[in-house]
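Novice: Below you'll find coords16.txt; it's compact mmCIF, C-alpha atoms.
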```
# COMPACT_ATOMS: atom_id res chain seq x y z
CA MET A 1 54.57 10.93 5.03
CA ALA A 2 50.85 10.40 5.49
CA LEU A 3 48.61 13.43 5.01
CA VAL A 4 45.81 14.30 7.42
CA PRO A 5 42.61 12.85 5.91
CA LYS A 6 39.59 15.12 5.80
CA VAL A 7 36.02 15.43 4.59
CA THR A 8 35.69 17.81 1.64
CA SER A 9 31.92 17.69 1.09
CA ILE A 10 28.78 15.96 2.32
CA THR A 11 25.86 15.64 -0.07
CA ALA A 12 22.63 13.67 -0.16
CA LEU A 13 23.18 10.12 -1.41
CA PRO A 14 20.44 9.05 -3.84
CA ALA A 15 19.28 5.47 -3.18
CA SER A 16 20.09 4.58 -6.80
CA GLU A 17 23.79 5.36 -6.25
CA ALA A 18 24.26 3.60 -2.90
CA ARG A 19 26.60 0.61 -3.13
CA TRP A 20 27.33 -0.24 0.51
CA ILE A 21 24.26 0.71 2.48
CA GLU A 22 20.55 1.01 1.80
CA PHE A 23 17.53 2.59 3.42
CA HIS A 24 14.50 0.59 4.42
CA LYS A 25 10.96 1.56 5.20
CA ILE A 26 9.84 -1.12 7.62
CA ALA A 27 6.10 -1.63 7.98
CA TRP A 28 5.28 -3.33 11.30
CA THR A 29 2.34 -3.91 13.60
CA ASP A 30 2.84 -2.94 17.22
CA GLN A 31 1.62 -4.51 20.48
CA THR A 32 -1.84 -2.96 20.05
CA GLY A 33 -2.19 -4.23 16.46
CA THR A 34 -1.61 -0.77 14.97
CA SER A 35 0.30 -0.53 11.67
CA ARG A 36 3.39 1.65 11.95
CA ILE A 37 6.47 2.62 9.93
CA TRP A 38 10.12 2.55 11.05
CA GLU A 39 13.05 3.90 9.04
CA ALA A 40 16.33 2.00 9.13
CA ALA A 41 19.68 1.66 7.37
CA SER A 42 21.14 -1.70 6.34
CA ARG A 43 24.44 -2.91 4.95
CA LYS A 44 24.24 -4.39 1.44
CA THR A 45 27.32 -6.55 2.01
CA ARG A 46 26.00 -9.21 4.41
CA GLY A 47 27.14 -12.70 3.35
CA SER A 48 25.98 -16.25 3.98
CA SER A 49 26.78 -16.11 7.71
CA GLY A 50 24.06 -13.52 8.25
CA VAL A 51 26.52 -11.44 10.27
CA ASP A 52 27.84 -8.10 9.00
CA ALA A 53 30.96 -7.69 11.07
CA VAL A 54 33.22 -8.96 13.83
CA ALA A 55 35.28 -7.18 16.47
CA ILE A 56 38.06 -8.69 18.53
CA GLN A 57 38.73 -8.40 22.25
CA THR A 58 42.37 -9.52 22.32
CA ILE A 59 44.10 -10.62 25.49
CA ILE A 60 47.88 -10.56 25.23
CA ARG A 61 49.68 -12.57 27.89
CA HIS A 62 53.40 -12.11 28.40
CA PRO A 63 55.76 -13.56 31.02
CA SER A 64 56.90 -10.19 32.36
CA LYS A 65 54.33 -7.65 31.18
CA PRO A 66 50.80 -7.00 32.46
CA PRO A 67 47.86 -8.50 30.53
CA SER A 68 47.08 -6.18 27.64
CA THR A 69 44.65 -5.67 24.78
CA ILE A 70 45.01 -4.17 21.31
CA ILE A 71 43.10 -1.17 20.02
CA ILE A 72 43.33 0.47 16.64
CA LEU A 73 43.32 4.09 15.54
CA GLN A 74 41.81 4.74 12.12
CA TYR A 75 40.30 7.74 10.35
CA ARG A 76 36.56 7.25 9.79
CA PRO A 77 34.84 9.62 7.36
CA PRO A 78 31.36 9.37 9.01
CA ALA A 79 32.91 10.73 12.24
CA ASP A 80 35.47 12.94 10.39
CA ALA A 81 37.93 11.93 13.08
CA ILE A 82 40.44 9.30 14.03
CA CYS A 83 38.37 6.65 15.76
CA VAL A 84 39.61 4.37 18.52
CA GLU A 85 38.19 0.87 18.17
CA PHE A 86 38.73 -2.80 18.80
CA PRO A 87 40.22 -4.47 15.70
CA ALA A 88 37.20 -5.24 13.51
CA GLY A 89 36.02 -5.78 9.99
CA LEU A 90 33.28 -7.03 7.70
CA VAL A 91 32.74 -10.78 7.34
CA ASP A 92 33.45 -11.90 3.75
CA GLN A 93 30.65 -13.41 1.62
CA LYS A 94 31.30 -17.09 2.41
CA GLU A 95 33.38 -16.73 5.54
CA THR A 96 32.39 -17.68 9.09
CA PRO A 97 32.54 -14.93 11.74
CA SER A 98 35.09 -17.01 13.68
CA ASP A 99 37.41 -17.16 10.65
CA ALA A 100 36.85 -13.46 10.00
CA SER A 101 37.89 -12.56 13.54
CA VAL A 102 41.18 -14.47 13.31
CA ARG A 103 41.85 -12.98 9.84
CA GLU A 104 41.01 -9.40 10.80
CA LEU A 105 43.13 -9.49 13.94
CA HIS A 106 46.07 -10.75 11.90
CA GLU A 107 45.61 -8.20 9.09
CA GLU A 108 45.04 -5.16 11.29
CA THR A 109 47.53 -5.92 14.05
CA GLY A 110 49.87 -8.71 12.85
CA TYR A 111 49.02 -10.77 15.93
CA GLN A 112 47.79 -14.36 15.74
CA GLY A 113 46.22 -16.13 18.64
CA LYS A 114 43.71 -18.65 19.85
CA LEU A 115 40.01 -17.96 19.48
CA LEU A 116 38.63 -18.65 22.98
CA TYR A 117 35.04 -17.52 22.51
CA ILE A 118 32.77 -15.75 20.07
CA SER A 119 29.60 -14.00 21.16
CA PRO A 120 26.20 -14.67 19.66
CA THR A 121 25.02 -12.19 17.04
CA ILE A 122 24.49 -8.82 18.70
CA VAL A 123 22.95 -5.69 17.19
CA SER A 124 25.03 -2.56 16.72
CA ASP A 125 22.45 0.26 16.88
CA PRO A 126 19.02 -1.39 16.72
CA GLY A 127 16.97 1.80 16.87
CA MET A 128 18.57 2.98 13.62
CA SER A 129 19.95 0.08 11.63
CA SER A 130 19.87 -3.66 11.08
CA ALA A 131 23.69 -3.83 11.41
CA ASN A 132 24.87 -6.75 13.50
CA MET A 133 28.15 -8.27 14.65
CA GLN A 134 29.85 -10.85 16.83
CA LEU A 135 32.54 -10.10 19.41
CA ALA A 136 35.42 -12.60 19.52
CA THR A 137 37.86 -13.18 22.36
CA ILE A 138 41.32 -14.09 21.08
CA GLU A 139 44.21 -14.89 23.40
CA VAL A 140 47.78 -14.20 22.27
CA GLU A 141 50.57 -15.85 24.26
CA LEU A 142 53.91 -14.11 23.88
CA LYS A 143 57.33 -15.31 24.99
CA GLU A 144 60.09 -13.15 26.43
CA GLY A 145 61.79 -11.28 23.58
CA ASP A 146 59.04 -11.85 20.95
CA LYS A 147 59.16 -9.05 18.39
CA GLU A 148 56.09 -6.99 17.49
CA PRO A 149 54.66 -8.67 14.35
CA GLU A 150 54.06 -6.90 11.02
CA GLN A 151 50.58 -5.76 10.08
CA VAL A 152 49.12 -7.10 6.80
CA LEU A 153 47.37 -4.02 5.47
CA ASP A 154 45.92 -3.40 2.01
CA GLU A 155 47.42 -0.56 0.03
CA GLY A 156 45.70 2.64 1.11
CA GLU A 157 44.78 1.24 4.54
CA PHE A 158 46.14 3.34 7.39
CA ILE A 159 45.58 1.62 10.70
CA GLU A 160 47.66 2.23 13.80
CA ARG A 161 47.63 -0.50 16.44
CA VAL A 162 48.31 0.16 20.10
CA VAL A 163 48.92 -2.46 22.79
CA VAL A 164 47.45 -1.18 26.07
CA PRO A 165 47.69 -2.82 29.50
CA LEU A 166 44.13 -3.62 30.56
CA GLU A 167 44.45 -1.54 33.72
CA GLU A 168 45.28 1.53 31.65
CA LEU A 169 42.58 1.06 29.02
CA PHE A 170 39.81 3.26 30.42
CA PRO A 171 42.01 6.29 31.25
CA ARG A 172 43.75 5.85 27.88
CA LEU A 173 40.41 6.15 26.07
CA GLU A 174 39.68 9.33 28.02
CA GLU A 175 43.08 10.69 26.93
CA TYR A 176 42.49 9.89 23.27
CA ASN A 177 39.14 11.62 23.47
CA ALA A 178 40.76 14.68 25.04
CA LYS A 179 43.14 14.77 22.05
CA GLY A 180 40.21 14.98 19.59
CA MET A 181 39.85 11.33 18.65
CA LYS A 182 36.44 9.65 18.86
CA VAL A 183 36.08 6.42 20.78
CA ASP A 184 33.83 3.69 19.39
CA ALA A 185 30.85 3.18 21.73
CA ARG A 186 31.34 -0.59 21.92
CA LEU A 187 34.99 -0.32 22.93
CA TRP A 188 34.04 2.40 25.44
CA HIS A 189 31.38 0.15 26.97
CA TRP A 190 33.81 -2.78 27.26
CA ALA A 191 36.39 -0.59 28.95
CA ALA A 192 33.72 0.96 31.21
CA GLY A 193 32.54 -2.49 32.32
CA LEU A 194 36.10 -3.54 33.08
CA HIS A 195 36.82 -0.25 34.85
CA PHE A 196 33.64 -0.46 36.89
CA ALA A 197 34.52 -3.96 38.05
CA THR A 198 37.95 -2.92 39.23
CA THR A 199 37.26 0.50 40.74
CA MET A 200 33.68 1.40 41.67
CA ARG A 201 32.20 -1.83 42.89
CA MET B 1 -3.09 -8.17 26.44
CA ALA B 2 -0.20 -7.03 24.25
CA LEU B 3 0.09 -8.63 20.81
CA VAL B 4 3.39 -9.87 19.43
CA PRO B 5 4.77 -7.06 17.23
CA LYS B 6 6.05 -8.05 13.81
CA VAL B 7 7.43 -6.71 10.55
CA THR B 8 4.91 -6.94 7.71
CA SER B 9 6.98 -5.58 4.82
CA ILE B 10 10.35 -4.02 4.07
CA THR B 11 10.61 -1.72 1.05
CA ALA B 12 13.17 0.77 -0.23
CA LEU B 13 12.86 4.14 1.48
CA PRO B 14 13.17 7.02 -0.99
CA ALA B 15 15.32 9.85 0.39
CA SER B 16 12.46 12.28 -0.21
CA GLU B 17 10.23 10.38 2.27
CA ALA B 18 12.79 9.89 5.06
CA ARG B 19 11.90 11.79 8.22
CA TRP B 20 14.23 10.35 10.85
CA ILE B 21 17.39 9.34 9.03
CA GLU B 22 19.24 10.44 5.90
CA PHE B 23 21.94 9.09 3.62
CA HIS B 24 25.13 10.97 3.00
CA LYS B 25 27.72 10.70 0.30
CA ILE B 26 30.89 11.86 2.02
CA ALA B 27 33.71 13.06 -0.23
CA TRP B 28 37.05 12.88 1.59
CA THR B 29 40.77 12.89 0.85
CA ASP B 30 42.77 10.05 2.31
CA GLN B 31 46.30 9.88 3.75
CA THR B 32 47.83 9.80 0.25
CA GLY B 33 45.82 12.82 -0.92
CA THR B 34 43.48 10.67 -3.04
CA SER B 35 39.82 11.74 -3.28
CA ARG B 36 37.44 9.03 -2.12
CA ILE B 37 33.75 8.51 -1.35
CA TRP B 38 32.21 7.00 1.81
CA GLU B 39 28.51 6.22 2.27
CA ALA B 40 26.94 6.84 5.67
CA ALA B 41 23.61 7.16 7.45
CA SER B 42 22.81 10.04 9.83
CA ARG B 43 20.00 10.87 12.20
CA LYS B 44 18.01 13.98 11.28
CA THR B 45 16.98 14.61 14.89
CA ARG B 46 20.25 15.82 16.46
CA GLY B 47 19.66 18.88 18.65
CA SER B 48 21.79 21.70 19.99
CA SER B 49 23.92 19.40 22.19
CA GLY B 50 25.39 17.75 19.09
CA VAL B 51 24.69 14.35 20.65
CA ASP B 52 22.05 12.00 19.24
CA ALA B 53 21.40 9.74 22.20
CA VAL B 54 22.25 8.69 25.73
CA ALA B 55 22.33 5.30 27.44
CA ILE B 56 22.42 4.69 31.18
CA GLN B 57 24.55 2.31 33.18
CA THR B 58 22.55 2.21 36.41
CA ILE B 59 23.98 0.94 39.66
CA ILE B 60 21.34 0.04 42.22
CA ARG B 61 22.61 -0.22 45.78
CA HIS B 62 20.44 -1.84 48.43
CA PRO B 63 21.16 -2.70 52.09
CA SER B 64 20.50 -6.44 51.70
CA LYS B 65 20.64 -7.18 47.96
CA PRO B 66 23.67 -7.46 45.69
CA PRO B 67 24.60 -4.44 43.50
CA SER B 68 22.41 -4.57 40.40
CA THR B 69 21.82 -2.81 37.11
CA ILE B 70 18.70 -2.27 34.99
CA ILE B 71 18.24 -3.48 31.45
CA ILE B 72 15.24 -3.05 29.21
CA LEU B 73 13.50 -5.37 26.77
CA GLN B 74 11.88 -3.67 23.81
CA TYR B 75 10.78 -4.74 20.31
CA ARG B 76 12.94 -3.06 17.65
CA PRO B 77 11.70 -3.20 14.06
CA PRO B 78 15.20 -2.98 12.44
CA ALA B 79 16.13 -6.20 14.28
CA ASP B 80 12.58 -7.66 14.10
CA ALA B 81 13.17 -8.94 17.61
CA ILE B 82 12.93 -8.00 21.24
CA CYS B 83 16.20 -6.25 21.95
CA VAL B 84 17.96 -6.21 25.30
CA GLU B 85 19.56 -2.84 26.00
CA PHE B 86 20.61 -0.37 28.63
CA PRO B 87 17.88 2.24 29.19
CA ALA B 88 18.48 4.81 26.44
CA GLY B 89 16.86 7.46 24.30
CA LEU B 90 17.31 10.39 21.99
CA VAL B 91 18.39 13.73 23.43
CA ASP B 92 15.68 16.35 22.91
CA GLN B 93 16.35 19.44 20.76
CA LYS B 94 17.43 21.81 23.56
CA GLU B 95 18.24 19.30 26.27
CA THR B 96 21.67 18.44 27.65
CA PRO B 97 22.77 14.78 27.48
CA SER B 98 23.04 14.76 31.30
CA ASP B 99 19.42 15.87 31.67
CA ALA B 100 18.34 13.39 28.99
CA SER B 101 19.96 10.50 30.86
CA VAL B 102 18.16 11.30 34.15
CA ARG B 103 14.87 11.78 32.25
CA GLU B 104 15.15 8.61 30.17
CA LEU B 105 16.05 6.45 33.16
CA HIS B 106 13.01 7.78 35.01
CA GLU B 107 10.64 7.33 32.05
CA GLU B 108 11.78 3.88 31.01
CA THR B 109 12.34 2.36 34.46
CA GLY B 110 10.71 4.61 37.07
CA TYR B 111 14.00 4.87 38.96
CA GLN B 112 15.60 8.16 39.91
CA GLY B 113 19.16 8.46 41.02
CA LYS B 114 22.30 10.51 41.13
CA LEU B 115 24.27 11.12 37.94
CA LEU B 116 27.83 10.17 38.90
CA TYR B 117 29.53 10.46 35.52
CA ILE B 118 28.79 10.94 31.85
CA SER B 119 31.17 9.79 29.13
CA PRO B 120 32.46 12.02 26.39
CA THR B 121 30.71 11.73 23.03
CA ILE B 122 31.34 8.27 21.61
CA VAL B 123 30.43 6.97 18.14
CA SER B 124 27.94 4.15 17.76
CA ASP B 125 28.98 2.48 14.49
CA PRO B 126 31.51 4.80 12.84
CA GLY B 127 32.11 2.68 9.73
CA MET B 128 28.45 3.06 8.78
CA SER B 129 26.89 6.10 10.42
CA SER B 130 27.53 9.42 12.11
CA ALA B 131 25.34 8.36 15.08
CA ASN B 132 26.84 9.28 18.43
CA MET B 133 25.93 9.04 22.10
CA GLN B 134 27.06 9.50 25.69
CA LEU B 135 26.98 6.82 28.38
CA ALA B 136 25.85 8.00 31.80
CA THR B 137 26.46 6.32 35.15
CA ILE B 138 23.54 6.81 37.54
CA GLU B 139 23.53 5.47 41.08
CA VAL B 140 20.24 4.57 42.75
CA GLU B 141 20.29 4.12 46.53
CA LEU B 142 17.39 2.03 47.83
CA LYS B 143 16.30 1.52 51.41
CA GLU B 144 14.98 -1.71 52.88
CA GLY B 145 11.36 -2.15 51.81
CA ASP B 146 11.39 0.43 48.97
CA LYS B 147 8.73 -0.49 46.41
CA GLU B 148 9.54 -0.86 42.71
CA PRO B 149 8.66 2.52 41.15
CA GLU B 150 6.20 3.04 38.28
CA GLN B 151 7.49 3.55 34.74
CA VAL B 152 6.45 6.77 32.95
CA LEU B 153 5.82 5.45 29.44
CA ASP B 154 4.12 7.18 26.52
CA GLU B 155 0.98 5.57 25.18
CA GLY B 156 2.02 2.87 22.72
CA GLU B 157 5.43 2.41 24.37
CA PHE B 158 6.05 -1.16 25.52
CA ILE B 159 9.23 -1.40 27.53
CA GLU B 160 9.92 -4.09 30.09
CA ARG B 161 12.56 -3.31 32.70
CA VAL B 162 14.56 -5.98 34.49
CA VAL B 163 16.77 -5.46 37.54
CA VAL B 164 19.74 -7.84 37.30
CA PRO B 165 22.47 -8.42 39.89
CA LEU B 166 25.75 -7.41 38.25
CA GLU B 167 27.24 -10.84 38.79
CA GLU B 168 24.42 -12.43 36.81
CA LEU B 169 24.41 -9.94 33.94
CA PHE B 170 26.62 -11.73 31.42
CA PRO B 171 25.00 -15.18 31.74
CA ARG B 172 21.58 -13.48 31.70
CA LEU B 173 22.37 -11.88 28.35
CA GLU B 174 23.41 -15.29 27.00
CA GLU B 175 20.06 -16.70 28.20
CA TYR B 176 18.03 -13.94 26.56
CA ASN B 177 19.90 -14.56 23.33
CA ALA B 178 19.17 -18.29 23.55
CA LYS B 179 15.46 -17.40 23.87
CA GLY B 180 15.54 -15.48 20.56
CA MET B 181 16.06 -11.95 21.83
CA LYS B 182 18.85 -9.81 20.38
CA VAL B 183 21.32 -8.14 22.71
CA ASP B 184 22.52 -4.61 21.92
CA ALA B 185 26.23 -4.66 21.11
CA ARG B 186 27.04 -1.86 23.55
CA LEU B 187 25.34 -3.58 26.50
CA TRP B 188 27.03 -6.85 25.49
CA HIS B 189 30.44 -5.16 25.48
CA TRP B 190 29.85 -3.58 28.93
CA ALA B 191 28.81 -6.95 30.36
CA ALA B 192 31.73 -8.69 28.64
CA GLY B 193 34.20 -6.20 30.13
CA LEU B 194 32.71 -6.69 33.59
CA HIS B 195 32.64 -10.47 33.16
CA PHE B 196 36.22 -10.54 31.92
CA ALA B 197 37.40 -8.57 34.93
CA THR B 198 35.76 -10.96 37.36
CA THR B 199 36.39 -14.33 35.72
CA MET B 200 39.13 -14.58 33.11
CA ARG B 201 41.80 -12.27 34.28
```
Once you've parsed the file, please lay out its structure as C-alpha cells.
Specialist:
Amino acid sequence: MALVPKVTSITALPASEARWIEFHKIAWTDQTGTSRIWEAASRKTRGSSGVDAVAIQTIIRHPSKPPSTIIILQYRPPADAICVEFPAGLVDQKETPSDASVRELHEETGYQGKLLYISPTIVSDPGMSSANMQLATIEVELKEGDKEPEQVLDEGEFIERVVVPLEELFPRLEEYNAKGMKVDARLWHWAAGLHFATTMR
Amino acid sequence: MALVPKVTSITALPASEARWIEFHKIAWTDQTGTSRIWEAASRKTRGSSGVDAVAIQTIIRHPSKPPSTIIILQYRPPADAICVEFPAGLVDQKETPSDASVRELHEETGYQGKLLYISPTIVSDPGMSSANMQLATIEVELKEGDKEPEQVLDEGEFIERVVVPLEELFPRLEEYNAKGMKVDARLWHWAAGLHFATTMR
C-alpha cells in the first residue's frame, strides 16, 4: 500500500547544488531608458524545442457517455499536497512538443488519441519565471465496451487519473479543493472558462 | 514616448542577493517511504493571507455592446516580451485576496466593479514553485455613454489595457502571439475553455 508522501524539511538551496532550476538576475532597461533588475527562476532542462513542458486538454468521446476530460492527481512537494492537473510533463531534449503531448498522455493515463491542436508557446508565471509550455488538444474516440487502458508509469511514479464529464469538471475541482487537494491554476482557469460559458453568460 | 524595454544581461543570482524569490531544497518521503529531494522556487513576499497573488476575470456588461473582458499588455523581463495577461498583482502584506483583486483591477484598468466570486487558492506551477494565487470574478456594469476610466498606475508602470468581447478573446490571443507577444498560460487556458465550450463541443 502506498504511504502518504510528506515534506520532512525545507532548506535554502545553494545555486551550486541546483540541478533542475536556476536563479537569474536579469538586467533590463525599461520604457524610460532606466536600468533595472528583475529576479527570475528558470528550468535547466529546456531542450532543442525551446519549450519546457506540455499539458493536455483531452476530449474523450463515447457513444453513450457525455464528453469527458482526464485530470490527474499527483503529490507535488512544492505544494506539499496532492495537486489536480491536466496530464503534463517536460519535453525531452530532442523531442517536439507535439510528440511530447501524445507520449505524456499515454504514459500518465494510458489513453491514445488524435492531436487536434497545439497552442503556441505560452508562459507559465511570467512575473516570476521563464518557464513556458504548450497546451495540446487530444481527442480520444472510444467504442461501446472499450476497457480503461493501462497507465505506463515509471517505477516510483504515483499518478491517479480521473475521467470527468466536462459538465462536472468545475464543481469537481471545487470538491477536490475542499478535500485538501490543490488545483493547478491552469486547469482551474480552463474549467472556469468552460463553466463561465455554460452558466454565467 | 515610451522606449522599447529590453534585457541587457542575464547572470546567475546568488542566493545571498535575492530579494524577491528564493530557492528551496525540499526533502520529502515518497509513497514507498524513500527519502527524496525536490528543488523549487518561492516568493519571499507572501503576506498574512498565505496567498501570493490574485488575477481578475472581469465581465463587462453594457446595454448595447457584447459582454467583454479586460486583458493587459505588459513587458515582462523573465519572458523578454510583452505578455498578455488577466489584470493581476501581488497581495499586500496585510491585505485579503478579495481586497487585492478589487484594488488591482482598479489600478491596472481604472474599472471598478462587484466581486462576484473568488476561487480557492490554486497553485501556479506546482512542479517548479510554491507560487499560488486566487482568481476573482468581477462584474462591471456600464451605462450607455460611460467614458473609459483612467488607470491608476505607479510612476514607471507601463500597462496597456484592452477590452475584448468574449467571443473574440481566443482568436485575439492567437493574433497577439503571432505579433510576437507571449500569452500567459492561465489566461490562455481560460480562453481555451471558453472557446471549447462555444465551438468544439
Novice: Quick check: residues of chain A within 7 Å of chain B, all atoms listed in the file, returned as a PyMOL selection string.
Specialist: chain A and resi 2-15+20-21+23-33+38-41+76-79+122-130+182-186+189-194+197
Novice: Please produce a file of those selected residues containing C-alpha atoms, as a tab-separated table (two decimals), in the coordinates of the input.
Specialist:
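Done, and the output landed in again_27.tsv:
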```tsv
chain	number	residue	atom	x	y	z
A	2	ALA	CA	50.85	10.40	5.49
A	3	LEU	CA	48.61	13.43	5.01
A	4	VAL	CA	45.81	14.30	7.42
A	5	PRO	CA	42.61	12.85	5.91
A	6	LYS	CA	39.59	15.12	5.80
A	7	VAL	CA	36.02	15.43	4.59
A	8	THR	CA	35.69	17.81	1.64
A	9	SER	CA	31.92	17.69	1.09
A	10	ILE	CA	28.78	15.96	2.32
A	11	THR	CA	25.86	15.64	-0.07
A	12	ALA	CA	22.63	13.67	-0.16
A	13	LEU	CA	23.18	10.12	-1.41
A	14	PRO	CA	20.44	9.05	-3.84
A	15	ALA	CA	19.28	5.47	-3.18
A	20	TRP	CA	27.33	-0.24	0.51
A	21	ILE	CA	24.26	0.71	2.48
A	23	PHE	CA	17.53	2.59	3.42
A	24	HIS	CA	14.50	0.59	4.42
A	25	LYS	CA	10.96	1.56	5.20
A	26	ILE	CA	9.84	-1.12	7.62
A	27	ALA	CA	6.10	-1.63	7.98
A	28	TRP	CA	5.28	-3.33	11.30
A	29	THR	CA	2.34	-3.91	13.60
A	30	ASP	CA	2.84	-2.94	17.22
A	31	GLN	CA	1.62	-4.51	20.48
A	32	THR	CA	-1.84	-2.96	20.05
A	33	GLY	CA	-2.19	-4.23	16.46
A	38	TRP	CA	10.12	2.55	11.05
A	39	GLU	CA	13.05	3.90	9.04
A	40	ALA	CA	16.33	2.00	9.13
A	41	ALA	CA	19.68	1.66	7.37
A	76	ARG	CA	36.56	7.25	9.79
A	77	PRO	CA	34.84	9.62	7.36
A	78	PRO	CA	31.36	9.37	9.01
A	79	ALA	CA	32.91	10.73	12.24
A	122	ILE	CA	24.49	-8.82	18.70
A	123	VAL	CA	22.95	-5.69	17.19
A	124	SER	CA	25.03	-2.56	16.72
A	125	ASP	CA	22.45	0.26	16.88
A	126	PRO	CA	19.02	-1.39	16.72
A	127	GLY	CA	16.97	1.80	16.87
A	128	MET	CA	18.57	2.98	13.62
A	129	SER	CA	19.95	0.08	11.63
A	130	SER	CA	19.87	-3.66	11.08
A	182	LYS	CA	36.44	9.65	18.86
A	183	VAL	CA	36.08	6.42	20.78
A	184	ASP	CA	33.83	3.69	19.39
A	185	ALA	CA	30.85	3.18	21.73
A	186	ARG	CA	31.34	-0.59	21.92
A	189	HIS	CA	31.38	0.15	26.97
A	190	TRP	CA	33.81	-2.78	27.26
A	191	ALA	CA	36.39	-0.59	28.95
A	192	ALA	CA	33.72	0.96	31.21
A	193	GLY	CA	32.54	-2.49	32.32
A	194	LEU	CA	36.10	-3.54	33.08
A	197	ALA	CA	34.52	-3.96	38.05
```
Novice: What does the structure give for the distance between CA of Ala100 in chain A and CA of Ile82 in chain A, in Å to one decimal?
Specialist: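 Computing it gives 23.4 Å between the two atoms.
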Novice: How big is the axis-aligned box, and where does its centre sit, when it encloses all atoms of range 144-158 of chain B listed in the file and has 5 Å added on every side, reported in Å to one decimal as lines of an AutoDock Vina configuration file?
Specialist:
```
center_x = 8.0
center_y = 2.5
center_z = 37.8
size_x = 24.0
size_y = 19.3
size_z = 40.2
```
Novice: Would you mind reading off the distance between CA of Val91 in chain A and CA of Ala53 in chain A, one decimal, in Å?
Specialist: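 So the answer is 5.2 Å.
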Novice: Calculate how many Å separate CA of Gly110 in chain A from CA of Glu155 in chain A, rounding to one decimal.
Specialist: 15.4 Å
